[in-house]
$ cat protein.tsv   # TSV, C-alpha atoms
chain	number	residue	atom	x	y	z
H	614	MET	CA	-5.98	10.47	-5.65
H	615	VAL	CA	-5.44	7.00	-7.11
H	616	ILE	CA	-2.66	5.61	-9.32
H	617	THR	CA	-3.51	2.71	-11.61
H	618	HIS	CA	-2.20	0.13	-14.04
H	619	ASN	CA	-4.57	-2.54	-15.37
H	620	GLU	CA	-6.95	-2.25	-12.43
H	621	ALA	CA	-10.26	-2.41	-14.29
H	622	GLU	CA	-11.67	-5.21	-12.12
H	623	ARG	CA	-11.07	-3.48	-8.78
H	624	LEU	CA	-11.08	0.22	-9.59
H	625	GLY	CA	-14.84	0.71	-9.61
H	626	THR	CA	-15.20	-0.31	-5.96
H	627	CYS	CA	-12.33	1.95	-4.97
H	628	LEU	CA	-13.62	5.03	-6.78
H	629	ALA	CA	-17.21	4.46	-5.65
H	630	SER	CA	-15.95	4.86	-2.07
H	631	LEU	CA	-14.48	8.28	-2.98
H	632	THR	CA	-17.46	9.96	-4.67
H	633	TRP	CA	-17.91	12.23	-1.65
H	634	ALA	CA	-14.52	13.91	-2.25
H	635	ASP	CA	-14.28	17.36	-3.84
H	636	GLU	CA	-12.34	15.81	-6.73
H	637	ILE	CA	-10.92	12.44	-7.73
H	638	VAL	CA	-7.55	12.45	-9.48
H	639	VAL	CA	-6.53	9.27	-11.32
H	640	VAL	CA	-3.05	8.84	-12.82
H	641	ASP	CA	-2.84	5.79	-15.05
H	642	ALA	CA	0.36	4.09	-16.22
H	643	GLU	CA	-0.75	3.29	-19.76
H	644	SER	CA	-3.14	0.47	-18.90
H	645	THR	CA	-4.06	-2.01	-21.62
H	646	ASP	CA	-7.42	-3.00	-20.10
H	647	ARG	CA	-10.54	-0.90	-19.35
H	648	THR	CA	-9.00	0.96	-16.40
H	649	VAL	CA	-9.33	4.42	-17.97
H	650	GLU	CA	-12.92	3.74	-19.10
H	651	VAL	CA	-13.85	2.70	-15.56
H	652	ALA	CA	-12.20	5.81	-14.16
H	653	ARG	CA	-14.20	8.02	-16.52
H	654	GLU	CA	-17.39	6.80	-14.87
H	655	PHE	CA	-16.31	8.64	-11.73
H	656	THR	CA	-14.08	11.56	-12.77
H	657	ASP	CA	-12.74	13.56	-15.70
H	658	ARG	CA	-9.48	14.28	-13.84
H	659	ILE	CA	-7.52	11.47	-15.49
H	660	MET	CA	-3.90	11.65	-16.62
H	661	VAL	CA	-2.09	8.89	-18.54
H	662	ARG	CA	1.71	8.75	-18.42
H	663	PRO	CA	4.52	6.17	-18.46
H	664	TRP	CA	5.35	4.37	-15.22
H	665	PRO	CA	8.21	6.14	-13.34
H	666	GLY	CA	7.98	4.14	-10.09
H	667	PHE	CA	5.53	4.07	-7.18
H	668	ALA	CA	6.66	7.14	-5.28
H	669	ALA	CA	7.23	9.29	-8.37
H	670	GLN	CA	3.80	8.43	-9.77
H	671	LYS	CA	2.08	9.24	-6.49
H	672	ASN	CA	3.97	12.50	-6.09
H	673	PHE	CA	2.92	13.46	-9.61
H	674	ALA	CA	-0.70	12.66	-8.74
H	675	ALA	CA	-0.47	14.75	-5.57
H	676	ASP	CA	0.87	17.67	-7.58
H	677	GLN	CA	-2.29	17.61	-9.72
H	678	ALA	CA	-4.57	18.10	-6.71
H	679	ARG	CA	-6.40	21.43	-6.55
H	680	HIS	CA	-7.68	21.28	-2.96
H	681	GLU	CA	-6.11	21.74	0.46
H	682	TRP	CA	-6.19	18.11	1.61
H	683	ILE	CA	-5.06	15.01	-0.29
H	684	LEU	CA	-6.24	11.47	0.40
H	685	SER	CA	-4.13	8.80	-1.28
H	686	VAL	CA	-5.90	5.49	-1.91
H	687	ASP	CA	-4.65	2.47	-3.86
H	688	ALA	CA	-6.83	0.72	-6.43
H	689	ASP	CA	-7.23	-2.32	-4.18
H	690	GLU	CA	-8.40	-0.19	-1.25
H	691	GLU	CA	-11.66	1.49	-0.34
H	692	VAL	CA	-12.71	4.11	2.19
H	693	SER	CA	-15.16	2.71	4.71
H	694	ALA	CA	-18.32	4.66	5.53
H	695	GLU	CA	-16.95	5.23	9.03
H	696	LEU	CA	-13.67	6.61	7.71
H	697	ARG	CA	-15.48	8.89	5.29
H	698	ALA	CA	-17.54	10.38	8.13
H	699	GLU	CA	-14.48	10.78	10.34
H	700	ILE	CA	-12.44	12.52	7.64
H	701	VAL	CA	-15.28	14.90	6.80
H	702	GLY	CA	-15.74	15.73	10.47
H	703	VAL	CA	-12.05	16.27	11.19
H	704	LEU	CA	-11.40	18.47	8.15
H	705	ALA	CA	-14.50	20.56	8.84
H	706	GLY	CA	-12.82	21.64	12.06
H	707	ASP	CA	-9.77	23.14	10.28
H	708	PRO	CA	-7.26	20.87	12.08
H	709	ALA	CA	-3.78	21.98	13.05
H	710	ALA	CA	-2.23	18.65	12.02
H	711	ALA	CA	-0.40	18.37	8.71
H	712	GLY	CA	-1.29	14.73	8.15
H	713	TYR	CA	-3.19	11.71	9.44
H	714	ALA	CA	-2.38	8.01	9.68
H	715	LEU	CA	-5.22	5.60	8.96
H	716	PRO	CA	-5.62	2.08	10.38
H	717	ARG	CA	-5.60	-0.21	7.36
H	718	ARG	CA	-7.74	-3.36	7.58
H	719	ASN	CA	-6.14	-6.06	5.44
H	720	ILE	CA	-8.49	-8.56	3.82
H	721	PHE	CA	-7.09	-11.92	2.63
H	722	TRP	CA	-9.31	-14.51	0.97
H	723	GLY	CA	-12.28	-12.33	1.86
H	724	ARG	CA	-11.41	-12.36	5.57
H	725	TRP	CA	-10.20	-9.59	7.84
H	726	ILE	CA	-6.83	-10.64	9.29
H	727	ARG	CA	-6.66	-9.15	12.78
H	728	HIS	CA	-3.28	-10.42	14.00
H	729	GLY	CA	0.24	-11.20	12.84
H	730	GLY	CA	1.12	-7.52	12.66
H	731	LEU	CA	-1.37	-6.96	9.83
H	732	TYR	CA	-3.75	-4.77	11.84
H	733	PRO	CA	-4.00	-1.89	12.39
H	734	ASP	CA	-1.18	-1.48	9.80
H	735	TRP	CA	-0.98	2.31	10.15
H	736	GLN	CA	-0.62	4.20	6.86
H	737	VAL	CA	-0.17	7.96	6.45
H	738	ARG	CA	-2.56	8.70	3.59
H	739	LEU	CA	-4.27	12.02	4.42
H	740	PHE	CA	-2.12	15.14	4.31
H	741	ARG	CA	-2.15	18.83	3.46
H	742	ARG	CA	-1.17	19.66	-0.09
H	743	GLY	CA	2.47	20.70	-0.16
H	744	ARG	CA	3.22	19.15	3.25
H	745	GLY	CA	3.49	15.48	2.32
H	746	ARG	CA	5.72	13.67	-0.20
H	747	PHE	CA	6.13	10.00	-0.98
H	748	VAL	CA	9.61	8.73	-0.24
H	749	GLU	CA	11.45	7.37	-3.26
H	750	ARG	CA	11.86	3.65	-2.67
H	751	ALA	CA	11.62	0.67	-5.00
H	752	VAL	CA	8.55	-0.72	-3.21
H	753	HIS	CA	6.45	0.01	-0.12
H	754	GLU	CA	6.62	3.75	-0.58
H	755	SER	CA	5.52	5.88	2.36
H	756	VAL	CA	4.59	9.50	3.02
H	757	GLU	CA	6.84	11.90	4.85
H	758	VAL	CA	4.89	14.81	6.30
H	759	ALA	CA	6.34	18.18	7.30
H	760	GLY	CA	4.45	18.80	10.52
H	761	GLU	CA	2.36	16.98	13.10
H	762	VAL	CA	0.82	13.62	12.16
H	763	ARG	CA	-2.21	12.38	14.12
H	764	ARG	CA	-4.23	9.17	13.92
H	765	LEU	CA	-7.79	8.50	12.86
H	766	GLY	CA	-9.73	5.55	14.24
H	767	SER	CA	-11.83	4.31	11.31
H	768	PRO	CA	-10.47	1.75	8.83
H	769	LEU	CA	-9.20	1.96	5.30
H	770	ILE	CA	-10.15	-1.35	3.70
H	771	HIS	CA	-7.37	-3.15	1.81
H	772	ARG	CA	-8.40	-6.20	-0.23
H	773	SER	CA	-4.92	-7.62	-0.45
H	774	TYR	CA	-4.94	-11.05	-2.08
H	775	ASP	CA	-7.63	-13.39	-3.35
H	776	SER	CA	-5.36	-16.40	-3.82
H	777	VAL	CA	-1.96	-17.85	-3.03
H	778	ALA	CA	-1.08	-17.53	-6.72
H	779	GLN	CA	-1.76	-13.78	-6.59
H	780	PHE	CA	0.46	-13.41	-3.52
H	781	LEU	CA	3.29	-15.34	-5.20
H	782	GLU	CA	3.06	-13.27	-8.38
H	783	ARG	CA	3.40	-10.02	-6.46
H	784	ALA	CA	6.02	-11.45	-4.13
H	785	ASN	CA	8.24	-12.29	-7.10
H	786	ARG	CA	7.88	-8.81	-8.56
H	787	TYR	CA	8.25	-6.87	-5.30
H	788	SER	CA	11.14	-8.98	-4.01
H	789	SER	CA	13.12	-8.22	-7.17
H	790	LEU	CA	12.64	-4.49	-6.71
H	791	ALA	CA	13.45	-4.65	-2.99
H	792	ALA	CA	16.53	-6.81	-3.57
H	793	GLU	CA	17.90	-4.39	-6.14
H	794	GLU	CA	17.53	-1.54	-3.68
H	795	LEU	CA	19.12	-3.51	-0.85
H	796	ALA	CA	22.03	-4.59	-3.01
H	797	ARG	CA	22.68	-1.01	-4.06
H	798	GLY	CA	22.75	-0.09	-0.39
H	799	GLY	CA	25.46	-2.65	0.35
H	800	ALA	CA	23.33	-5.47	1.79
H	801	ARG	CA	24.68	-9.01	1.74
H	802	ALA	CA	23.01	-12.40	2.24
H	803	GLY	CA	24.86	-15.62	3.08
H	804	PRO	CA	23.60	-19.09	4.07
H	805	VAL	CA	22.97	-18.14	7.71
H	806	LEU	CA	20.84	-15.14	6.87
H	807	LEU	CA	19.01	-17.06	4.16
H	808	VAL	CA	17.84	-19.40	6.91
H	809	LEU	CA	17.44	-17.08	9.89
H	810	ARG	CA	15.59	-14.19	8.28
H	811	PRO	CA	12.64	-16.25	6.97
H	812	LEU	CA	12.41	-18.16	10.27
H	813	ALA	CA	12.41	-14.88	12.19
H	814	ARG	CA	9.63	-13.46	10.02
H	815	PHE	CA	7.49	-16.59	10.50
H	816	ALA	CA	8.02	-16.62	14.26
H	817	ALA	CA	7.30	-12.91	14.58
H	818	MET	CA	4.05	-13.08	12.62
H	819	TYR	CA	2.68	-16.41	13.79
H	820	LEU	CA	3.87	-16.56	17.41
H	821	LEU	CA	4.90	-13.16	18.74
H	822	ARG	CA	2.16	-11.16	17.01
H	823	GLY	CA	-0.58	-13.73	17.40
H	824	GLY	CA	-1.05	-14.89	13.83
H	825	PHE	CA	-2.17	-18.27	15.19
H	826	LEU	CA	-5.35	-16.54	16.40
H	827	ASP	CA	-6.43	-16.16	12.75
H	828	GLY	CA	-6.44	-19.93	12.25
H	829	THR	CA	-5.28	-21.45	8.98
H	830	PRO	CA	-5.14	-18.07	7.12
H	831	GLY	CA	-2.81	-16.78	9.84
H	832	PHE	CA	-0.51	-19.79	9.43
H	833	LEU	CA	-0.51	-19.50	5.63
H	834	LEU	CA	0.28	-15.79	5.70
H	835	ALA	CA	3.17	-16.26	8.13
H	836	GLY	CA	4.57	-18.90	5.78
H	837	LEU	CA	4.03	-16.80	2.68
H	838	TYR	CA	5.68	-13.73	4.18
H	839	ALA	CA	8.60	-15.90	5.31
H	840	TYR	CA	8.88	-17.14	1.72
H	841	TYR	CA	8.93	-13.53	0.52
H	842	VAL	CA	11.81	-12.75	2.88
H	843	PHE	CA	13.67	-15.85	1.63
H	844	ILE	CA	13.41	-15.04	-2.07
H	845	ARG	CA	14.29	-11.39	-1.42
H	846	SER	CA	17.43	-12.47	0.43
H	847	ALA	CA	18.22	-15.02	-2.29
H	848	LYS	CA	18.00	-12.30	-4.91
H	849	VAL	CA	20.31	-10.08	-2.84
H	850	TRP	CA	22.81	-12.97	-2.74
H	851	GLU	CA	22.46	-13.46	-6.47
H	852	ALA	CA	23.01	-9.78	-7.20
H	853	THR	CA	26.09	-9.45	-4.97
H	854	ARG	CA	27.83	-12.83	-5.26
H	855	GLY	CA	30.42	-11.47	-7.71

$ encode --input "protein.tsv" --output "structure tokens"
Amino acid sequence: MVITHNEAERLGTCLASLTWADEIVVVDAESTDRTVEVAREFTDRIMVRPWPGFAAQKNFAADQARHEWILSVDADEEVSAELRAEIVGVLAGDPAAAGYALPRRNIFWGRWIRHGGLYPDWQVRLFRRGRGRFVERAVHESVEVAGEVRRLGSPLIHRSYDSVAQFLERANRYSSLAAEELARGGARAGPVLLVLRPLARFAAMYLLRGGFLDGTPGFLLAGLYAYYVFIRSAKVWEATRG
């Protein structure tokens, strides 16, 4: 299953990596580009509905599935040939597990980033129908599975960002959603935290988790993620200063 909104440029690669599946379910949030036309090249199981939020949209998509196992893939991701073979092999054995976490390989500027905490970036994406639900959060939704969760070894490819501008655009949007959720939960952000949190994120990614081993991209990503933490905290301060 895949949820979409204006993903015409990337969707074809994603869906082409899923043609081996018993069915492909696409739920589109009223795209204004050719997303739906691209999806029709791969499946007729397409639903178009207003955007209710990440988790709600994915749970709706999961509810449309007609088979025992559900694989959730984002439009900027693709299933590697190795992962496809591993999934087919595991499911053929009628596994006892209720879900599987996949090691996500994050690609920035066309390069696999191996350090900084960005690999293996475990994501629960394969689960039995009726046993997994996406948790309702503003951003970075995740799957909760009722039952045992095991790990697969082959990568899910995630083509994250092609440019700094793309990162900044998403950072602005996602930080607003995250800040709203944090503020509702009682979070606060003063001058000390506005300084310490970004510094801690940079140090964790670049030094503690070996981001320096990825060269200049590793340094840039540590800085960009620190910037994300800063603007998220700034937006929490702005929302709660009264």

$ residues_around --input "protein.tsv" --residues "H:Ala847" --least-positions-apart "2" --cutoff "9 Å" --atoms "all atoms listed in the file" --output "JSON list (two decimals) with C-alpha atoms, in the frame of the given file"
[["chain", "number", "residue", "atom", "x", "y", "z"],
["H", 792, "ALA", "CA", 16.53, -6.81, -3.57],
["H", 802, "ALA", "CA", 23.01, -12.40, 2.24],
["H", 803, "GLY", "CA", 24.86, -15.62, 3.08],
["H", 807, "LEU", "CA", 19.01, -17.06, 4.16],
["H", 842, "VAL", "CA", 11.81, -12.75, 2.88],
["H", 843, "PHE", "CA", 13.67, -15.85, 1.63],
["H", 844, "ILE", "CA", 13.41, -15.04, -2.07],
["H", 845, "ARG", "CA", 14.29, -11.39, -1.42],
["H", 849, "VAL", "CA", 20.31, -10.08, -2.84],
["H", 850, "TRP", "CA", 22.81, -12.97, -2.74],
["H", 851, "GLU", "CA", 22.46, -13.46, -6.47],
["H", 852, "ALA", "CA", 23.01, -9.78, -7.20]]

$ closest_residue --input "protein.tsv" --among "H:Arg738, H:Arg764, H:Arg662, H:Arg810" --to "H:Ser685" --atoms "all atoms listed in the file"
H:Arg738

$ atom_distance --input "protein.tsv" --atom1 "atom CA of H:Asn619" --atom2 "atom CA of H:Val737"
24.6 Å

$ atom_distance --input "protein.tsv" --atom1 "atom CA of H:Glu636" --atom2 "atom CA of H:Val752"
26.9 Å

$ residues_around --input "protein.tsv" --residues "stretch 690-694 of chain H" --least-positions-apart "2" --cutoff "12 Å" --atoms "all atoms listed in the file" --output "PyMOL selection string"
chain H and resi 614-617+620+623-634+684-688+696-701+715-720+738-739+766-774

$ write_last_selection --input "protein.tsv" --atoms "C-alpha atoms" --output "PDB file, keeping the file's coordinate frame"
ATOM      1  CA  MET H 614      -5.980  10.470  -5.650  1.00  0.00           C
ATOM      2  CA  VAL H 615      -5.440   7.000  -7.110  1.00  0.00           C
ATOM      3  CA  ILE H 616      -2.660   5.610  -9.320  1.00  0.00           C
ATOM      4  CA  THR H 617      -3.510   2.710 -11.610  1.00  0.00           C
ATOM      5  CA  GLU H 620      -6.950  -2.250 -12.430  1.00  0.00           C
ATOM      6  CA  ARG H 623     -11.070  -3.480  -8.780  1.00  0.00           C
ATOM      7  CA  LEU H 624     -11.080   0.220  -9.590  1.00  0.00           C
ATOM      8  CA  GLY H 625     -14.840   0.710  -9.610  1.00  0.00           C
ATOM      9  CA  THR H 626     -15.200  -0.310  -5.960  1.00  0.00           C
ATOM     10  CA  CYS H 627     -12.330   1.950  -4.970  1.00  0.00           C
ATOM     11  CA  LEU H 628     -13.620   5.030  -6.780  1.00  0.00           C
ATOM     12  CA  ALA H 629     -17.210   4.460  -5.650  1.00  0.00           C
ATOM     13  CA  SER H 630     -15.950   4.860  -2.070  1.00  0.00           C
ATOM     14  CA  LEU H 631     -14.480   8.280  -2.980  1.00  0.00           C
ATOM     15  CA  THR H 632     -17.460   9.960  -4.670  1.00  0.00           C
ATOM     16  CA  TRP H 633     -17.910  12.230  -1.650  1.00  0.00           C
ATOM     17  CA  ALA H 634     -14.520  13.910  -2.250  1.00  0.00           C
ATOM     18  CA  LEU H 684      -6.240  11.470   0.400  1.00  0.00           C
ATOM     19  CA  SER H 685      -4.130   8.800  -1.280  1.00  0.00           C
ATOM     20  CA  VAL H 686      -5.900   5.490  -1.910  1.00  0.00           C
ATOM     21  CA  ASP H 687      -4.650   2.470  -3.860  1.00  0.00           C
ATOM     22  CA  ALA H 688      -6.830   0.720  -6.430  1.00  0.00           C
ATOM     23  CA  LEU H 696     -13.670   6.610   7.710  1.00  0.00           C
ATOM     24  CA  ARG H 697     -15.480   8.890   5.290  1.00  0.00           C
ATOM     25  CA  ALA H 698     -17.540  10.380   8.130  1.00  0.00           C
ATOM     26  CA  GLU H 699     -14.480  10.780  10.340  1.00  0.00           C
ATOM     27  CA  ILE H 700     -12.440  12.520   7.640  1.00  0.00           C
ATOM     28  CA  VAL H 701     -15.280  14.900   6.800  1.00  0.00           C
ATOM     29  CA  LEU H 715      -5.220   5.600   8.960  1.00  0.00           C
ATOM     30  CA  PRO H 716      -5.620   2.080  10.380  1.00  0.00           C
ATOM     31  CA  ARG H 717      -5.600  -0.210   7.360  1.00  0.00           C
ATOM     32  CA  ARG H 718      -7.740  -3.360   7.580  1.00  0.00           C
ATOM     33  CA  ASN H 719      -6.140  -6.060   5.440  1.00  0.00           C
ATOM     34  CA  ILE H 720      -8.490  -8.560   3.820  1.00  0.00           C
ATOM     35  CA  ARG H 738      -2.560   8.700   3.590  1.00  0.00           C
ATOM     36  CA  LEU H 739      -4.270  12.020   4.420  1.00  0.00           C
ATOM     37  CA  GLY H 766      -9.730   5.550  14.240  1.00  0.00           C
ATOM     38  CA  SER H 767     -11.830   4.310  11.310  1.00  0.00           C
ATOM     39  CA  PRO H 768     -10.470   1.750   8.830  1.00  0.00           C
ATOM     40  CA  LEU H 769      -9.200   1.960   5.300  1.00  0.00           C
ATOM     41  CA  ILE H 770     -10.150  -1.350   3.700  1.00  0.00           C
ATOM     42  CA  HIS H 771      -7.370  -3.150   1.810  1.00  0.00           C
ATOM     43  CA  ARG H 772      -8.400  -6.200  -0.230  1.00  0.00           C
ATOM     44  CA  SER H 773      -4.920  -7.620  -0.450  1.00  0.00           C
ATOM     45  CA  TYR H 774      -4.940 -11.050  -2.080  1.00  0.00           C
TER      46      TYR H 774
END

$ axis_aligned_box --input "protein.tsv" --around "stretch 832-836 of chain H" --padding-each-side "3 Å" --output "JSON"
{"center_x": 2.0, "center_y": -17.8, "center_z": 7.5, "size_x": 11.1, "size_y": 10.0, "size_z": 9.8}

$ residues_around --input "protein.tsv" --residues "H:Gly743" --least-positions-apart "6" --cutoff "10 Å" --atoms "all atoms listed in the file" --output "ChimeraX atom specification"
/H:675-676,678,681-683,711,758-759

$ atom_distance --input "protein.tsv" --atom1 "atom CA of H:Phe780" --atom2 "atom CA of H:Ala835"
12.3 Å

$ closest_residue --input "protein.tsv" --among "H:Arg822, H:Arg653, H:Arg854, H:Lys848" --to "H:Gly730" --atoms "all atoms listed in the file"
H:Arg822

$ residues_near_point --input "protein.tsv" --point "(-4.0, -16.6, 7.9)" --cutoff "9 Å" --atoms "only C-alpha atoms" --output "ChimeraX atom specification"
/H:721-722,724,726,728-729,819,824-835

$ closest_residue --input "protein.tsv" --among "H:Lys671, H:Arg801, H:Arg763, H:Arg814" --to "H:Thr853" --atoms "all atoms listed in the file"
H:Arg801

$ closest_residue --input "protein.tsv" --among "H:Leu812, H:Gly666, H:Val748, H:Phe740" --to "H:Ala642" --atoms "all atoms listed in the file"
H:Gly666

$ closest_residue --input "protein.tsv" --among "H:Arg742, H:Glu754, H:Trp725, H:Asp646" --to "H:Gln677" --atoms "all atoms listed in the file"
H:Arg742

$ closest_residue --input "protein.tsv" --among "H:Arg750, H:Asp775, H:Val639, H:Ala669" --to "H:Phe655" --atoms "only C-alpha atoms"
H:Val639
